[in-house]
>>> print(open('start-v5.cif').read())   # mmCIF, C-alpha atoms
data_start
#
loop_
_atom_site.label_atom_id
_atom_site.label_comp_id
_atom_site.auth_asym_id
_atom_site.auth_seq_id
_atom_site.Cartn_x
_atom_site.Cartn_y
_atom_site.Cartn_z
CA MET B 4 -9.94 -8.80 -5.63
CA GLU B 5 -10.55 -11.11 -8.53
CA PHE B 6 -8.24 -13.72 -9.94
CA SER B 7 -7.92 -15.87 -12.99
CA HIS B 8 -5.06 -17.99 -14.22
CA ASP B 9 -3.88 -19.63 -17.38
CA ARG B 10 -1.33 -22.44 -17.49
CA SER B 11 0.62 -23.29 -20.61
CA GLY B 12 3.37 -25.89 -20.22
CA ASP B 13 5.45 -24.87 -17.22
CA THR B 14 4.32 -21.24 -17.37
CA LEU B 15 1.57 -19.94 -15.13
CA VAL B 16 0.04 -16.53 -15.83
CA VAL B 17 -2.05 -15.13 -12.97
CA ASN B 18 -4.33 -12.11 -13.45
CA ALA B 19 -5.15 -10.20 -10.28
CA SER B 20 -7.49 -7.22 -10.41
CA GLY B 21 -9.25 -4.86 -8.04
CA ARG B 22 -7.77 -3.51 -4.81
CA VAL B 23 -5.35 -5.04 -2.35
CA ASP B 24 -5.11 -3.37 1.05
CA GLY B 25 -4.92 -4.16 4.76
CA SER B 26 -8.34 -5.83 4.68
CA ASN B 27 -7.66 -8.50 2.06
CA ALA B 28 -3.87 -8.90 1.77
CA SER B 29 -3.91 -12.26 3.58
CA ASP B 30 -6.61 -13.53 1.16
CA PHE B 31 -4.40 -12.33 -1.70
CA LEU B 32 -1.48 -14.41 -0.40
CA GLU B 33 -3.64 -17.51 0.08
CA SER B 34 -5.19 -17.19 -3.37
CA LEU B 35 -1.78 -16.78 -5.00
CA GLN B 36 -0.27 -19.75 -3.20
CA GLY B 37 -3.32 -21.85 -4.03
CA MET B 38 -2.72 -21.31 -7.74
CA PHE B 39 0.91 -22.46 -7.82
CA ASP B 40 1.57 -26.04 -8.93
CA PRO B 41 4.85 -27.82 -8.18
CA GLY B 42 5.42 -28.17 -11.93
CA ASP B 43 5.25 -24.41 -12.59
CA GLN B 44 8.72 -23.12 -13.42
CA ARG B 45 7.77 -19.63 -14.53
CA ILE B 46 5.13 -17.52 -12.84
CA ILE B 47 3.95 -14.25 -14.39
CA LEU B 48 1.65 -12.01 -12.39
CA ASP B 49 -0.40 -9.72 -14.62
CA LEU B 50 -1.48 -6.68 -12.59
CA GLY B 51 -3.06 -4.77 -15.47
CA GLY B 52 -6.40 -4.70 -13.63
CA LEU B 53 -4.98 -3.74 -10.24
CA GLU B 54 -6.37 -0.37 -9.16
CA TYR B 55 -4.77 -0.01 -5.74
CA ILE B 56 -1.99 -1.52 -3.67
CA SER B 57 -0.79 -0.53 -0.20
CA SER B 58 2.21 -1.76 1.77
CA ALA B 59 0.11 -4.75 2.91
CA GLY B 60 -0.13 -5.87 -0.73
CA LEU B 61 3.55 -5.15 -1.39
CA ARG B 62 4.43 -7.45 1.52
CA VAL B 63 2.51 -10.28 -0.19
CA LEU B 64 4.37 -9.72 -3.46
CA LEU B 65 7.67 -9.71 -1.60
CA MET B 66 6.84 -12.96 0.21
CA ALA B 67 5.78 -14.64 -3.03
CA ALA B 68 8.91 -13.42 -4.84
CA GLN B 69 11.24 -14.61 -2.07
CA ASN B 70 9.48 -17.97 -1.81
CA LEU B 71 9.69 -18.63 -5.57
CA ASP B 72 13.28 -17.39 -5.69
CA LYS B 73 14.27 -19.95 -3.04
CA GLN B 74 12.76 -22.67 -5.23
CA ASN B 75 14.77 -21.36 -8.22
CA LYS B 76 11.59 -20.46 -10.06
CA SER B 77 11.17 -17.46 -12.28
CA PHE B 78 8.77 -14.76 -11.06
CA SER B 79 7.84 -11.62 -12.92
CA ILE B 80 5.14 -8.97 -12.83
CA CYS B 81 3.69 -7.20 -15.85
CA SER B 82 1.26 -4.59 -17.16
CA LEU B 83 1.44 -2.20 -14.19
CA THR B 84 -0.95 0.74 -14.30
CA GLU B 85 0.51 4.23 -13.93
CA ALA B 86 -0.50 4.49 -10.26
CA VAL B 87 0.75 1.02 -9.24
CA GLY B 88 3.96 1.61 -11.21
CA ASP B 89 4.50 4.80 -9.18
CA VAL B 90 4.31 2.79 -5.93
CA PHE B 91 6.72 0.18 -7.34
CA ARG B 92 9.29 2.85 -8.20
CA ILE B 93 9.11 4.59 -4.83
CA SER B 94 9.30 1.36 -2.84
CA GLY B 95 12.22 0.08 -4.94
CA PHE B 96 10.21 -3.05 -5.86
CA ASP B 97 10.98 -2.46 -9.54
CA GLN B 98 14.65 -3.08 -8.64
CA ILE B 99 14.11 -6.46 -6.99
CA ILE B 100 11.25 -7.97 -9.01
CA ASN B 101 11.35 -8.27 -12.80
CA VAL B 102 8.71 -5.94 -14.24
CA PHE B 103 7.63 -6.09 -17.90
CA PRO B 104 5.28 -3.89 -19.94
CA SER B 105 3.13 -6.84 -21.12
CA VAL B 106 2.56 -10.59 -20.69
CA GLU B 107 4.23 -11.17 -24.07
CA ASP B 108 7.35 -9.29 -22.94
CA ALA B 109 7.37 -11.25 -19.68
CA LYS B 110 7.18 -14.58 -21.56
CA GLN B 111 10.15 -13.58 -23.71
CA GLY B 112 12.06 -12.03 -20.79
CA MET G 10 -11.95 21.69 -1.16
CA GLN G 11 -11.87 20.44 2.43
CA ARG G 12 -13.09 17.29 4.09
CA SER G 13 -12.85 16.13 7.66
CA PHE G 14 -13.35 12.83 9.31
CA HIS G 15 -13.73 11.84 12.93
CA LEU G 16 -13.27 8.36 14.25
CA SER G 17 -13.92 7.11 17.75
CA HIS G 18 -12.00 4.15 19.02
CA PRO G 19 -12.47 1.40 19.89
CA PRO G 20 -15.15 0.92 17.26
CA GLU G 21 -18.35 -0.76 18.42
CA GLN G 22 -17.43 -3.84 16.50
CA GLY G 23 -15.26 -5.02 13.67
CA HIS G 24 -11.67 -4.76 12.58
CA PRO G 25 -9.43 -1.67 12.12
CA SER G 26 -9.45 -2.28 8.35
CA ASP G 27 -13.24 -1.69 8.31
CA VAL G 28 -12.35 2.00 8.10
CA LEU G 29 -10.66 1.58 4.70
CA PRO G 30 -13.82 1.86 2.53
CA LEU G 31 -14.67 5.15 4.29
CA ILE G 32 -11.25 6.55 3.41
CA GLU G 33 -11.54 5.31 -0.16
CA ASP G 34 -14.99 6.89 -0.63
CA MET G 35 -13.88 10.22 0.80
CA LEU G 36 -10.79 10.33 -1.44
CA ASN G 37 -12.71 9.27 -4.55
CA GLU G 38 -15.19 12.08 -3.97
CA MET G 39 -12.36 14.63 -3.66
CA ALA G 40 -10.48 13.14 -6.61
CA GLU G 41 -13.51 13.46 -8.85
CA ALA G 42 -14.40 17.00 -7.75
CA GLU G 43 -10.81 18.26 -7.98
CA GLU G 44 -9.82 16.20 -11.03
CA TRP G 45 -6.81 14.67 -9.31
CA PRO G 46 -4.18 12.83 -11.34
CA ILE G 47 -4.46 9.09 -10.66
CA THR G 48 -1.08 9.04 -8.90
CA LEU G 49 -2.30 11.59 -6.34
CA THR G 50 -5.38 9.49 -5.52
CA MET G 51 -3.19 6.40 -5.10
CA ARG G 52 -0.57 8.13 -2.96
CA ALA G 53 -3.17 9.81 -0.74
CA ASN G 54 -5.03 6.52 -0.24
CA LEU G 55 -1.86 4.60 0.54
CA ILE G 56 -0.63 7.20 3.03
CA LEU G 57 -3.97 7.43 4.82
CA GLU G 58 -4.28 3.64 5.00
CA GLU G 59 -0.84 3.38 6.61
CA LEU G 60 -1.37 6.23 9.07
CA VAL G 61 -4.89 5.31 10.16
CA LEU G 62 -4.29 1.54 10.39
CA ASN G 63 -1.05 2.12 12.30
CA THR G 64 -2.79 4.43 14.73
CA LEU G 65 -5.78 2.10 15.22
CA THR G 66 -3.64 -1.02 15.58
CA HIS G 67 -1.28 0.49 18.14
CA GLY G 68 -4.19 2.34 19.69
CA ASP G 69 -5.55 -0.97 20.94
CA THR G 70 -2.88 -0.94 23.62
CA SER G 71 -2.29 2.77 24.10
CA GLY G 72 -5.69 4.04 25.23
CA LEU G 73 -6.50 5.69 21.90
CA THR G 74 -10.02 7.04 21.79
CA GLU G 75 -10.13 9.52 18.94
CA ILE G 76 -8.69 10.20 15.51
CA ASP G 77 -9.39 13.39 13.61
CA LEU G 78 -8.48 13.70 10.00
CA GLU G 79 -8.56 16.91 7.94
CA LEU G 80 -7.94 16.96 4.21
CA GLU G 81 -7.45 20.05 2.09
CA SER G 82 -6.97 19.90 -1.67
CA VAL G 83 -5.56 22.92 -3.50
CA ASP G 84 -4.16 22.81 -7.06
CA HIS G 85 -3.55 19.04 -7.03
CA ALA G 86 -1.71 19.16 -3.70
CA LEU G 87 -3.38 17.47 -0.75
CA THR G 88 -2.62 18.57 2.81
CA ILE G 89 -3.36 15.92 5.44
CA ARG G 90 -3.66 16.75 9.14
CA LEU G 91 -4.06 13.81 11.49
CA THR G 92 -4.60 14.17 15.22
CA ASP G 93 -4.99 11.32 17.72
CA ASP G 94 -4.82 10.79 21.46
CA GLY G 95 -2.85 7.52 21.38
CA LEU G 96 0.69 6.99 22.67
CA ALA G 97 3.29 9.44 21.40
CA PHE G 98 4.56 8.27 18.01
CA ASN G 99 6.67 10.38 15.69
CA PRO G 100 6.88 8.60 12.32
CA LEU G 101 9.80 10.86 11.34
CA THR G 102 12.06 9.47 14.06
CA ASP G 103 10.38 6.50 15.79
CA ALA G 104 10.41 4.02 12.89
CA PRO G 105 13.59 2.52 11.44
CA ALA G 106 14.09 3.17 7.73
CA PRO G 107 14.24 -0.02 5.65
CA ASP G 108 17.11 -0.39 3.19
CA VAL G 109 15.29 -0.37 -0.13
CA THR G 110 18.49 -1.14 -2.04
CA LEU G 111 18.84 -4.64 -0.55
CA PRO G 112 18.57 -7.57 -2.98
CA LEU G 113 15.40 -9.64 -3.04
CA ALA G 114 16.52 -12.42 -0.70
CA ASP G 115 17.61 -9.93 1.99
CA ARG G 116 14.60 -7.62 1.91
CA PRO G 117 12.78 -7.78 5.26
CA ILE G 118 9.03 -8.32 5.14
CA GLY G 119 7.44 -5.19 6.51
CA GLY G 120 8.75 -1.81 7.59
CA LEU G 121 7.61 -0.38 4.28
CA GLY G 122 4.47 1.42 5.39
CA VAL G 123 6.04 4.31 7.28
CA TYR G 124 8.83 4.48 4.70
CA LEU G 125 6.28 5.01 1.93
CA VAL G 126 4.55 7.72 3.98
CA LYS G 127 7.85 9.53 4.45
CA THR G 128 8.83 9.15 0.80
CA MET G 129 5.51 10.11 -0.75
CA GLY G 130 4.71 12.77 1.82
CA GLU G 131 6.39 16.19 1.82
CA GLU G 132 6.72 18.96 4.40
CA LEU G 133 6.18 16.46 7.20
CA GLU G 134 5.70 18.01 10.60
CA TYR G 135 5.07 16.24 13.88
CA ARG G 136 4.39 17.61 17.31
CA ARG G 137 3.09 16.23 20.58
CA GLU G 138 0.74 18.70 22.21
CA ASN G 139 -1.93 18.30 24.92
CA ASP G 140 -1.32 14.54 24.99
CA ARG G 141 -2.07 14.29 21.31
CA ASN G 142 -0.09 13.41 18.21
CA HIS G 143 -0.36 16.04 15.49
CA LEU G 144 0.94 15.05 12.09
CA LYS G 145 0.84 17.21 8.98
CA LEU G 146 2.05 16.37 5.51
CA VAL G 147 1.49 17.33 1.89
CA VAL G 148 0.97 14.85 -0.95
CA ASN G 149 1.75 15.75 -4.56
CA PRO G 150 1.07 13.66 -7.68
CA GLU G 151 4.77 13.27 -8.46
#
>>> encode(input="start-v5.cif", output="structure tokens")
Amino acid sequence: MEFSHDRSGDTLVVNASGRVDGSNASDFLESLQGMFDPGDQRIILDLGGLEYISSAGLRVLLMAAQNLDKQNKSFSICSLTEAVGDVFRISGFDQIINVFPSVEDAKQG
Amino acid sequence: MQRSFHLSHPPEQGHPSDVLPLIEDMLNEMAEAEEWPITLTMRANLILEELVLNTLTHGDTSGLTEIDLELESVDHALTIRLTDDGLAFNPLTDAPAPDVTLPLADRPIGGLGVYLVKTMGEELEYRRENDRNHLKLVVNPE
């Protein structure tokens, strides 16, 4: 997986691309947590470059979402590819995490 | 198009997840040859990751020595047949179904893998025969 992030005010946009599976899900969690600053109030995860996610990766997203929710921070995901969007629908993740078509939509959401 | 895959366990060295690139390569080859829709490649990969990692992980304590995997792709439908000699495990009945309608704060971490296999897989059949688990299922793109 590859990551980049862009902070603007209290909004953090994280780009994650590549594949997340049972071999690297724990690295994914560590990398995500390492990017969060206490001052970030709104975190947007851009998954436009994510090619593959298994249940191991979904667990990481769920942990991050629950953790940020407890801190009353906003968490959303955007730019899902067709295949990742299919997994989100089937797992019901699109019902519990805010999903937007683009980063711009997520910023306005 | 058919592909098969045999795995001995325990592996000489390494971690169960070392098998994932082999699965990915095999599926990518079939996907390209059969012009699979992207959702079929994703679903097939996800299902095989769950089934094989589950079997290998639990196999560490159940005397598992062999996994055989057969894949058959016809008209954008993939039939998966998985056989292993680990402890009896019927994913249709031996795993509790998570409640996917729970709100965020109440969603348990985990339990999703087998649920996704059962939701994405169709025509699931399980039988225990000659001390082996035999699982068959069909994956469609939608």
>>> residues_around(input="start-v5.cif", residues="Asp43 of chain B", least_positions_apart="4", cutoff="9 Å", atoms="all atoms listed in the file", output="list in words")
Arg10, Gly12, Asp13, Thr14, Leu15, Phe39 and Lys76 of chain B
>>> interface_residues(input="start-v5.cif", of="chain G", to="chain B", cutoff="8 Å", atoms="all atoms listed in the file", output="PyMOL selection string")
chain G and resi 26-27+29+47-48+51-52+55+58-59+109-110+112-114+118-119+121-122+125+128-129
>>> resolve_selection(input="start-v5.cif", expression="the PyMOL selection byres ((chain G and resi 45) around 10)", output="ChimeraX atom specification")
/G:36-37,39-44,46-51,82,84-87,149-150
>>> residues_around(input="start-v5.cif", residues="Asn18 of chain B", least_positions_apart="5", cutoff="6 Å", atoms="only C-alpha atoms", output="PDB file with C-alpha atoms, in the frame of the given file")
ATOM      1  CA  PHE B   6      -8.240 -13.720  -9.940  1.00  0.00           C
ATOM      2  CA  SER B   7      -7.920 -15.870 -12.990  1.00  0.00           C
ATOM      3  CA  HIS B   8      -5.060 -17.990 -14.220  1.00  0.00           C
ATOM      4  CA  ASP B  49      -0.400  -9.720 -14.620  1.00  0.00           C
TER       5      ASP B  49
END
>>> closest_residue(input="start-v5.cif", among="G:Leu144, G:Leu16, G:Leu101, G:Val83", to="Tyr124 of chain G", atoms="all atoms listed in the file")
G:Leu101
>>> closest_residue(input="start-v5.cif", among="B:Leu71, B:Leu83, B:Leu53, B:Ala109", to="Arg22 of chain B", atoms="all atoms listed in the file")
B:Leu53
>>> atom_distance(input="start-v5.cif", atom1="atom CA of Pro105 of chain G", atom2="atom CA of Val123 of chain G")
8.8 Å
>>> atom_distance(input="start-v5.cif", atom1="atom CA of His143 of chain G", atom2="atom CA of Asp93 of chain G")
7.0 Å
>>> resolve_selection(input="start-v5.cif", expression="the PyMOL selection byres ((chain B and resi 112) around 10)", output="list in words")
Ser79, Asn101, Val102, Phe103, Val106, Glu107, Asp108, Ala109, Lys110 and Gln111 of chain B
>>> residues_near_point(input="start-v5.cif", point="(5.8, -13.3, -15.1)", cutoff="6 Å", atoms="all atoms listed in the file", output="list in words")
Ile46, Ile47, Leu48, Phe78, Ser79, Ile80 and Ala109 of chain B
>>> residues_around(input="start-v5.cif", residues="Gly130 of chain G", least_positions_apart="5", cutoff="7 Å", atoms="only C-alpha atoms", output="PyMOL selection string")
chain G and resi 146-148
>>> write_last_selection(input="start-v5.cif", atoms="C-alpha atoms", output="PDB file, in the coordinates of the input")
ATOM      1  CA  LEU G 146       2.050  16.370   5.510  1.00  0.00           C
ATOM      2  CA  VAL G 147       1.490  17.330   1.890  1.00  0.00           C
ATOM      3  CA  VAL G 148       0.970  14.850  -0.950  1.00  0.00           C
TER       4      VAL G 148
END
>>> atom_distance(input="start-v5.cif", atom1="atom CA of Leu57 of chain G", atom2="atom CA of Phe31 of chain B")
20.8 Å
>>> build_atoms(input="start-v5.cif", residues="segment 84-111 of chain G", atoms="N, CA and C atoms", output="PDB file, in the frame of the given file")
ATOM      1  N   ASP G  84      -5.035  22.943  -5.874  1.00  0.00           N
ATOM      2  CA  ASP G  84      -4.160  22.810  -7.060  1.00  0.00           C
ATOM      3  C   ASP G  84      -3.421  21.464  -7.102  1.00  0.00           C
ATOM      4  N   HIS G  85      -4.138  20.378  -6.944  1.00  0.00           N
ATOM      5  CA  HIS G  85      -3.550  19.040  -7.030  1.00  0.00           C
ATOM      6  C   HIS G  85      -2.469  18.781  -5.981  1.00  0.00           C
ATOM      7  N   ALA G  86      -2.561  19.490  -4.849  1.00  0.00           N
ATOM      8  CA  ALA G  86      -1.710  19.160  -3.700  1.00  0.00           C
ATOM      9  C   ALA G  86      -2.660  18.942  -2.522  1.00  0.00           C
ATOM     10  N   LEU G  87      -2.480  17.817  -1.856  1.00  0.00           N
ATOM     11  CA  LEU G  87      -3.380  17.470  -0.750  1.00  0.00           C
ATOM     12  C   LEU G  87      -2.637  17.616   0.573  1.00  0.00           C
ATOM     13  N   THR G  88      -3.182  18.452   1.459  1.00  0.00           N
ATOM     14  CA  THR G  88      -2.620  18.570   2.810  1.00  0.00           C
ATOM     15  C   THR G  88      -3.434  17.689   3.747  1.00  0.00           C
ATOM     16  N   ILE G  89      -2.720  16.838   4.489  1.00  0.00           N
ATOM     17  CA  ILE G  89      -3.360  15.920   5.440  1.00  0.00           C
ATOM     18  C   ILE G  89      -2.959  16.345   6.848  1.00  0.00           C
ATOM     19  N   ARG G  90      -3.943  16.495   7.723  1.00  0.00           N
ATOM     20  CA  ARG G  90      -3.660  16.750   9.140  1.00  0.00           C
ATOM     21  C   ARG G  90      -4.343  15.666   9.956  1.00  0.00           C
ATOM     22  N   LEU G  91      -3.540  14.920  10.707  1.00  0.00           N
ATOM     23  CA  LEU G  91      -4.060  13.810  11.490  1.00  0.00           C
ATOM     24  C   LEU G  91      -3.748  14.061  12.968  1.00  0.00           C
ATOM     25  N   THR G  92      -4.771  13.989  13.778  1.00  0.00           N
ATOM     26  CA  THR G  92      -4.600  14.170  15.220  1.00  0.00           C
ATOM     27  C   THR G  92      -5.169  12.959  15.940  1.00  0.00           C
ATOM     28  N   ASP G  93      -4.439  12.436  16.939  1.00  0.00           N
ATOM     29  CA  ASP G  93      -4.990  11.320  17.720  1.00  0.00           C
ATOM     30  C   ASP G  93      -4.490  11.411  19.152  1.00  0.00           C
ATOM     31  N   ASP G  94      -5.202  10.735  20.046  1.00  0.00           N
ATOM     32  CA  ASP G  94      -4.820  10.790  21.460  1.00  0.00           C
ATOM     33  C   ASP G  94      -4.188   9.476  21.937  1.00  0.00           C
ATOM     34  N   GLY G  95      -3.576   8.737  21.010  1.00  0.00           N
ATOM     35  CA  GLY G  95      -2.850   7.520  21.380  1.00  0.00           C
ATOM     36  C   GLY G  95      -1.475   7.845  21.948  1.00  0.00           C
ATOM     37  N   LEU G  96      -0.674   6.800  22.169  1.00  0.00           N
ATOM     38  CA  LEU G  96       0.690   6.990  22.670  1.00  0.00           C
ATOM     39  C   LEU G  96       1.489   7.861  21.709  1.00  0.00           C
ATOM     40  N   ALA G  97       2.461   8.592  22.251  1.00  0.00           N
ATOM     41  CA  ALA G  97       3.290   9.440  21.400  1.00  0.00           C
ATOM     42  C   ALA G  97       4.002   8.581  20.351  1.00  0.00           C
ATOM     43  N   PHE G  98       3.849   8.962  19.095  1.00  0.00           N
ATOM     44  CA  PHE G  98       4.560   8.270  18.010  1.00  0.00           C
ATOM     45  C   PHE G  98       4.912   9.275  16.937  1.00  0.00           C
ATOM     46  N   ASN G  99       6.212   9.484  16.739  1.00  0.00           N
ATOM     47  CA  ASN G  99       6.670  10.380  15.690  1.00  0.00           C
ATOM     48  C   ASN G  99       7.208   9.545  14.529  1.00  0.00           C
ATOM     49  N   PRO G 100       6.447   9.461  13.429  1.00  0.00           N
ATOM     50  CA  PRO G 100       6.880   8.600  12.320  1.00  0.00           C
ATOM     51  C   PRO G 100       8.193   9.072  11.690  1.00  0.00           C
ATOM     52  N   LEU G 101       8.554  10.354  11.928  1.00  0.00           N
ATOM     53  CA  LEU G 101       9.800  10.860  11.340  1.00  0.00           C
ATOM     54  C   LEU G 101      11.021  10.260  12.031  1.00  0.00           C
ATOM     55  N   THR G 102      10.883   9.934  13.311  1.00  0.00           N
ATOM     56  CA  THR G 102      12.060   9.470  14.060  1.00  0.00           C
ATOM     57  C   THR G 102      11.865   8.132  14.763  1.00  0.00           C
ATOM     58  N   ASP G 103      10.614   7.685  14.962  1.00  0.00           N
ATOM     59  CA  ASP G 103      10.380   6.500  15.790  1.00  0.00           C
ATOM     60  C   ASP G 103      10.281   5.196  15.005  1.00  0.00           C
ATOM     61  N   ALA G 104      10.472   5.253  13.676  1.00  0.00           N
ATOM     62  CA  ALA G 104      10.410   4.020  12.890  1.00  0.00           C
ATOM     63  C   ALA G 104      11.716   3.876  12.114  1.00  0.00           C
ATOM     64  N   PRO G 105      12.345   2.704  12.175  1.00  0.00           N
ATOM     65  CA  PRO G 105      13.590   2.520  11.440  1.00  0.00           C
ATOM     66  C   PRO G 105      13.330   2.534   9.925  1.00  0.00           C
ATOM     67  N   ALA G 106      14.251   3.128   9.181  1.00  0.00           N
ATOM     68  CA  ALA G 106      14.090   3.170   7.730  1.00  0.00           C
ATOM     69  C   ALA G 106      14.589   1.866   7.117  1.00  0.00           C
ATOM     70  N   PRO G 107      13.761   1.192   6.289  1.00  0.00           N
ATOM     71  CA  PRO G 107      14.240  -0.020   5.650  1.00  0.00           C
ATOM     72  C   PRO G 107      15.239   0.319   4.555  1.00  0.00           C
ATOM     73  N   ASP G 108      16.156  -0.591   4.284  1.00  0.00           N
ATOM     74  CA  ASP G 108      17.110  -0.390   3.190  1.00  0.00           C
ATOM     75  C   ASP G 108      16.477  -0.898   1.900  1.00  0.00           C
ATOM     76  N   VAL G 109      16.009   0.046   1.073  1.00  0.00           N
ATOM     77  CA  VAL G 109      15.290  -0.370  -0.130  1.00  0.00           C
ATOM     78  C   VAL G 109      16.246  -0.734  -1.264  1.00  0.00           C
ATOM     79  N   THR G 110      17.555  -0.729  -0.997  1.00  0.00           N
ATOM     80  CA  THR G 110      18.490  -1.140  -2.040  1.00  0.00           C
ATOM     81  C   THR G 110      18.929  -2.594  -1.862  1.00  0.00           C
ATOM     82  N   LEU G 111      18.453  -3.248  -0.789  1.00  0.00           N
ATOM     83  CA  LEU G 111      18.840  -4.640  -0.550  1.00  0.00           C
ATOM     84  C   LEU G 111      18.325  -5.551  -1.663  1.00  0.00           C
TER      85      LEU G 111
END
